[in-house]
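What follows is input-v8.cif (mmCIF, N, CA and C atoms).
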data_input
#
loop_
_atom_site.label_atom_id
_atom_site.label_comp_id
_atom_site.auth_asym_id
_atom_site.auth_seq_id
_atom_site.Cartn_x
_atom_site.Cartn_y
_atom_site.Cartn_z
N MET A 1 -30.69 6.26 -53.54
CA MET A 1 -29.51 5.93 -52.79
C MET A 1 -29.15 4.48 -53.07
N SER A 2 -27.89 4.26 -53.13
CA SER A 2 -27.42 2.89 -53.35
C SER A 2 -26.99 2.27 -52.03
N ALA A 3 -26.94 0.97 -52.00
CA ALA A 3 -26.55 0.24 -50.79
C ALA A 3 -25.06 0.45 -50.53
N PRO A 4 -24.65 0.55 -49.26
CA PRO A 4 -23.22 0.72 -48.96
C PRO A 4 -22.44 -0.51 -49.40
N LEU A 5 -21.22 -0.27 -49.80
CA LEU A 5 -20.35 -1.37 -50.24
C LEU A 5 -19.84 -2.13 -49.02
N LEU A 6 -19.86 -3.42 -49.08
CA LEU A 6 -19.37 -4.27 -48.01
C LEU A 6 -17.97 -4.76 -48.37
N PRO A 7 -17.08 -4.91 -47.37
CA PRO A 7 -15.74 -5.40 -47.68
C PRO A 7 -15.79 -6.86 -48.12
N SER A 8 -14.86 -7.19 -48.97
CA SER A 8 -14.81 -8.58 -49.43
C SER A 8 -14.22 -9.46 -48.33
N ALA A 9 -14.35 -10.76 -48.49
CA ALA A 9 -13.80 -11.71 -47.51
C ALA A 9 -12.29 -11.57 -47.42
N ALA A 10 -11.63 -11.27 -48.53
CA ALA A 10 -10.18 -11.12 -48.53
C ALA A 10 -9.78 -9.88 -47.74
N ASP A 11 -10.56 -8.79 -47.89
CA ASP A 11 -10.26 -7.57 -47.13
C ASP A 11 -10.43 -7.81 -45.63
N THR A 12 -11.48 -8.53 -45.25
CA THR A 12 -11.73 -8.82 -43.84
C THR A 12 -10.62 -9.67 -43.25
N ALA A 13 -10.18 -10.68 -44.00
CA ALA A 13 -9.10 -11.56 -43.52
C ALA A 13 -7.79 -10.78 -43.40
N ALA A 14 -7.52 -9.89 -44.35
CA ALA A 14 -6.30 -9.09 -44.30
C ALA A 14 -6.32 -8.16 -43.08
N ALA A 15 -7.47 -7.60 -42.78
CA ALA A 15 -7.58 -6.71 -41.62
C ALA A 15 -7.34 -7.50 -40.32
N ARG A 16 -7.92 -8.70 -40.24
CA ARG A 16 -7.69 -9.53 -39.04
C ARG A 16 -6.22 -9.88 -38.87
N ASP A 17 -5.56 -10.25 -39.97
CA ASP A 17 -4.13 -10.59 -39.90
C ASP A 17 -3.30 -9.39 -39.45
N ALA A 18 -3.64 -8.20 -39.93
CA ALA A 18 -2.90 -6.99 -39.55
C ALA A 18 -3.05 -6.73 -38.04
N VAL A 19 -4.25 -6.92 -37.51
CA VAL A 19 -4.49 -6.71 -36.07
C VAL A 19 -3.69 -7.73 -35.26
N ARG A 20 -3.66 -8.99 -35.70
CA ARG A 20 -2.91 -10.02 -34.97
C ARG A 20 -1.42 -9.71 -34.96
N GLN A 21 -0.88 -9.22 -36.08
CA GLN A 21 0.55 -8.91 -36.15
C GLN A 21 0.90 -7.76 -35.22
N VAL A 22 0.07 -6.74 -35.19
CA VAL A 22 0.33 -5.61 -34.30
C VAL A 22 0.25 -6.06 -32.85
N ALA A 23 -0.73 -6.88 -32.51
CA ALA A 23 -0.89 -7.36 -31.13
C ALA A 23 0.29 -8.23 -30.72
N ALA A 24 0.84 -9.01 -31.65
CA ALA A 24 1.98 -9.88 -31.34
C ALA A 24 3.24 -9.06 -31.08
N ARG A 25 3.38 -7.92 -31.74
CA ARG A 25 4.57 -7.08 -31.56
C ARG A 25 4.50 -6.20 -30.32
N ARG A 26 3.31 -6.02 -29.80
CA ARG A 26 3.12 -5.13 -28.66
C ARG A 26 3.75 -5.75 -27.42
N PRO A 27 4.58 -5.00 -26.69
CA PRO A 27 5.18 -5.57 -25.46
C PRO A 27 4.09 -5.82 -24.41
N GLY A 28 4.33 -6.83 -23.58
CA GLY A 28 3.37 -7.15 -22.53
C GLY A 28 3.29 -6.04 -21.50
N ARG A 29 2.20 -6.01 -20.81
CA ARG A 29 2.03 -5.01 -19.76
C ARG A 29 2.94 -5.31 -18.59
N PRO A 30 3.59 -4.30 -18.03
CA PRO A 30 4.38 -4.57 -16.82
C PRO A 30 3.45 -4.91 -15.66
N ALA A 31 3.97 -5.66 -14.72
CA ALA A 31 3.16 -6.05 -13.56
C ALA A 31 2.72 -4.80 -12.81
N GLU A 32 1.50 -4.82 -12.33
CA GLU A 32 1.00 -3.68 -11.58
C GLU A 32 1.67 -3.61 -10.22
N GLN A 33 1.91 -2.41 -9.78
CA GLN A 33 2.48 -2.21 -8.46
C GLN A 33 1.36 -1.68 -7.57
N VAL A 34 1.07 -2.39 -6.50
CA VAL A 34 -0.02 -2.01 -5.62
C VAL A 34 0.56 -1.22 -4.45
N VAL A 35 -0.01 -0.07 -4.22
CA VAL A 35 0.40 0.77 -3.10
C VAL A 35 -0.85 1.03 -2.26
N GLN A 36 -0.78 0.71 -1.00
CA GLN A 36 -1.91 0.96 -0.11
C GLN A 36 -1.55 2.12 0.80
N VAL A 37 -2.42 3.10 0.85
CA VAL A 37 -2.18 4.29 1.66
C VAL A 37 -3.36 4.45 2.62
N GLN A 38 -3.03 4.68 3.86
CA GLN A 38 -4.06 4.96 4.85
C GLN A 38 -3.70 6.27 5.52
N ILE A 39 -4.65 7.16 5.53
CA ILE A 39 -4.44 8.45 6.19
C ILE A 39 -5.39 8.49 7.37
N GLY A 40 -4.85 8.74 8.50
CA GLY A 40 -5.71 8.75 9.68
C GLY A 40 -5.10 9.60 10.79
N ARG A 41 -5.71 9.50 11.92
CA ARG A 41 -5.26 10.29 13.06
C ARG A 41 -5.28 9.39 14.28
N LEU A 42 -4.24 9.48 15.05
CA LEU A 42 -4.15 8.69 16.26
C LEU A 42 -4.02 9.65 17.43
N GLU A 43 -4.91 9.51 18.37
CA GLU A 43 -4.85 10.36 19.55
C GLU A 43 -4.51 9.50 20.75
N VAL A 44 -3.55 9.94 21.51
CA VAL A 44 -3.11 9.21 22.70
C VAL A 44 -3.22 10.15 23.88
N THR A 45 -3.85 9.66 24.94
CA THR A 45 -3.94 10.46 26.16
C THR A 45 -3.39 9.63 27.31
N ALA A 46 -2.82 10.31 28.25
CA ALA A 46 -2.27 9.63 29.42
C ALA A 46 -3.35 9.55 30.47
N GLY A 47 -3.42 8.41 31.11
CA GLY A 47 -4.40 8.23 32.17
C GLY A 47 -3.68 7.90 33.47
N GLY A 48 -4.35 8.12 34.54
CA GLY A 48 -3.78 7.79 35.83
C GLY A 48 -3.84 6.29 36.07
N ALA A 49 -3.28 5.86 37.17
CA ALA A 49 -3.30 4.45 37.54
C ALA A 49 -4.74 4.03 37.80
N PRO A 50 -5.10 2.80 37.46
CA PRO A 50 -6.48 2.35 37.71
C PRO A 50 -6.80 2.40 39.20
N GLN A 51 -7.99 2.79 39.48
CA GLN A 51 -8.43 2.91 40.88
C GLN A 51 -9.12 1.62 41.31
N GLY A 52 -8.71 1.08 42.40
CA GLY A 52 -9.41 -0.05 43.01
C GLY A 52 -9.19 -1.39 42.31
N GLY A 53 -10.18 -1.85 41.52
CA GLY A 53 -10.27 -3.21 41.01
C GLY A 53 -9.10 -3.71 40.17
N GLY A 54 -8.24 -2.86 39.67
CA GLY A 54 -7.15 -3.32 38.84
C GLY A 54 -6.07 -4.03 39.63
N ARG A 55 -5.45 -5.04 39.00
CA ARG A 55 -4.34 -5.74 39.67
C ARG A 55 -3.07 -4.92 39.57
N PRO A 56 -2.38 -4.67 40.66
CA PRO A 56 -1.11 -3.95 40.56
C PRO A 56 -0.04 -4.86 39.95
N ARG A 57 0.81 -4.29 39.10
CA ARG A 57 1.89 -5.08 38.50
C ARG A 57 3.03 -5.21 39.49
N PRO A 58 3.58 -6.39 39.62
CA PRO A 58 4.74 -6.54 40.53
C PRO A 58 5.95 -5.82 39.95
N ARG A 59 6.75 -5.21 40.79
CA ARG A 59 7.92 -4.45 40.35
C ARG A 59 8.98 -5.35 39.74
N GLN A 60 9.05 -6.64 40.12
CA GLN A 60 10.07 -7.53 39.58
C GLN A 60 9.86 -7.78 38.07
N ALA A 61 8.63 -7.71 37.60
CA ALA A 61 8.34 -8.00 36.21
C ALA A 61 8.87 -6.91 35.27
N GLU A 62 9.08 -5.73 35.78
CA GLU A 62 9.56 -4.63 34.94
C GLU A 62 11.05 -4.78 34.69
N ARG A 63 11.46 -4.43 33.49
CA ARG A 63 12.88 -4.47 33.18
C ARG A 63 13.56 -3.24 33.78
N PRO A 64 14.69 -3.41 34.40
CA PRO A 64 15.37 -2.24 34.97
C PRO A 64 15.88 -1.35 33.84
N GLY A 65 15.69 -0.07 34.01
CA GLY A 65 16.18 0.89 33.03
C GLY A 65 15.40 0.89 31.73
N ALA A 66 14.19 0.36 31.72
CA ALA A 66 13.40 0.29 30.49
C ALA A 66 12.80 1.64 30.13
N THR A 67 12.75 2.57 31.06
CA THR A 67 12.17 3.87 30.76
C THR A 67 13.26 4.90 30.58
N ILE A 68 13.03 5.82 29.66
CA ILE A 68 13.96 6.93 29.45
C ILE A 68 13.14 8.21 29.41
N SER A 69 13.80 9.32 29.58
CA SER A 69 13.08 10.58 29.55
C SER A 69 12.72 10.94 28.11
N LEU A 70 11.75 11.80 27.96
CA LEU A 70 11.34 12.25 26.63
C LEU A 70 12.50 12.95 25.93
N ALA A 71 13.26 13.73 26.65
CA ALA A 71 14.39 14.45 26.05
C ALA A 71 15.44 13.46 25.52
N ASP A 72 15.72 12.38 26.28
CA ASP A 72 16.67 11.37 25.81
C ASP A 72 16.15 10.65 24.58
N TYR A 73 14.85 10.34 24.58
CA TYR A 73 14.25 9.64 23.43
C TYR A 73 14.34 10.52 22.18
N LEU A 74 14.01 11.77 22.31
CA LEU A 74 14.04 12.68 21.17
C LEU A 74 15.48 12.91 20.69
N ALA A 75 16.42 12.93 21.61
CA ALA A 75 17.83 13.12 21.23
C ALA A 75 18.34 11.94 20.42
N ARG A 76 17.85 10.74 20.71
CA ARG A 76 18.28 9.56 19.95
C ARG A 76 17.91 9.67 18.48
N GLY A 77 16.79 10.30 18.19
CA GLY A 77 16.35 10.44 16.81
C GLY A 77 17.24 11.36 15.99
N ARG A 78 17.96 12.26 16.62
CA ARG A 78 18.83 13.21 15.91
C ARG A 78 20.22 12.65 15.67
N GLU A 79 20.53 11.52 16.25
CA GLU A 79 21.89 10.96 16.11
C GLU A 79 22.10 10.34 14.76
#

Encoded form using structure tokens:
Amino acid sequence: MSAPLLPSAADTAAARDAVRQVAARRPGRPAEQVVQVQIGRLEVTAGGAPQGGGRPRPRQAERPGATISLADYLARGRE
């Protein structure tokens, strides 16, 4: 068996130049777009008024007319 032929210095330089030219013509990568997705579950339960130790809220602090019925709230979404 004979030894494998090795490329000459001129062949190696030509190959490097060809790679540089192709890399220079290649368009840059577009900026990555990051999307964060969270999938989860939220459970809400209604509780009664606190018994005993809780401080009662004064009625003056509440905004008048701040509450609406569930039917009115849902109807607003269809408008």

For CA of Leu70 (chain A) and CA of Glu43 (chain A), the interatomic separation in Å (one decimal): 17.8 Å

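Going from CA of Val22 (chain A) to atom N of Pro7 (chain A) covers 21.8 Å.
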
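Our summary of the geometry notes that CA of Ile68 (chain A) is positioned 21.8 Å from atom C of Leu42 (chain A).
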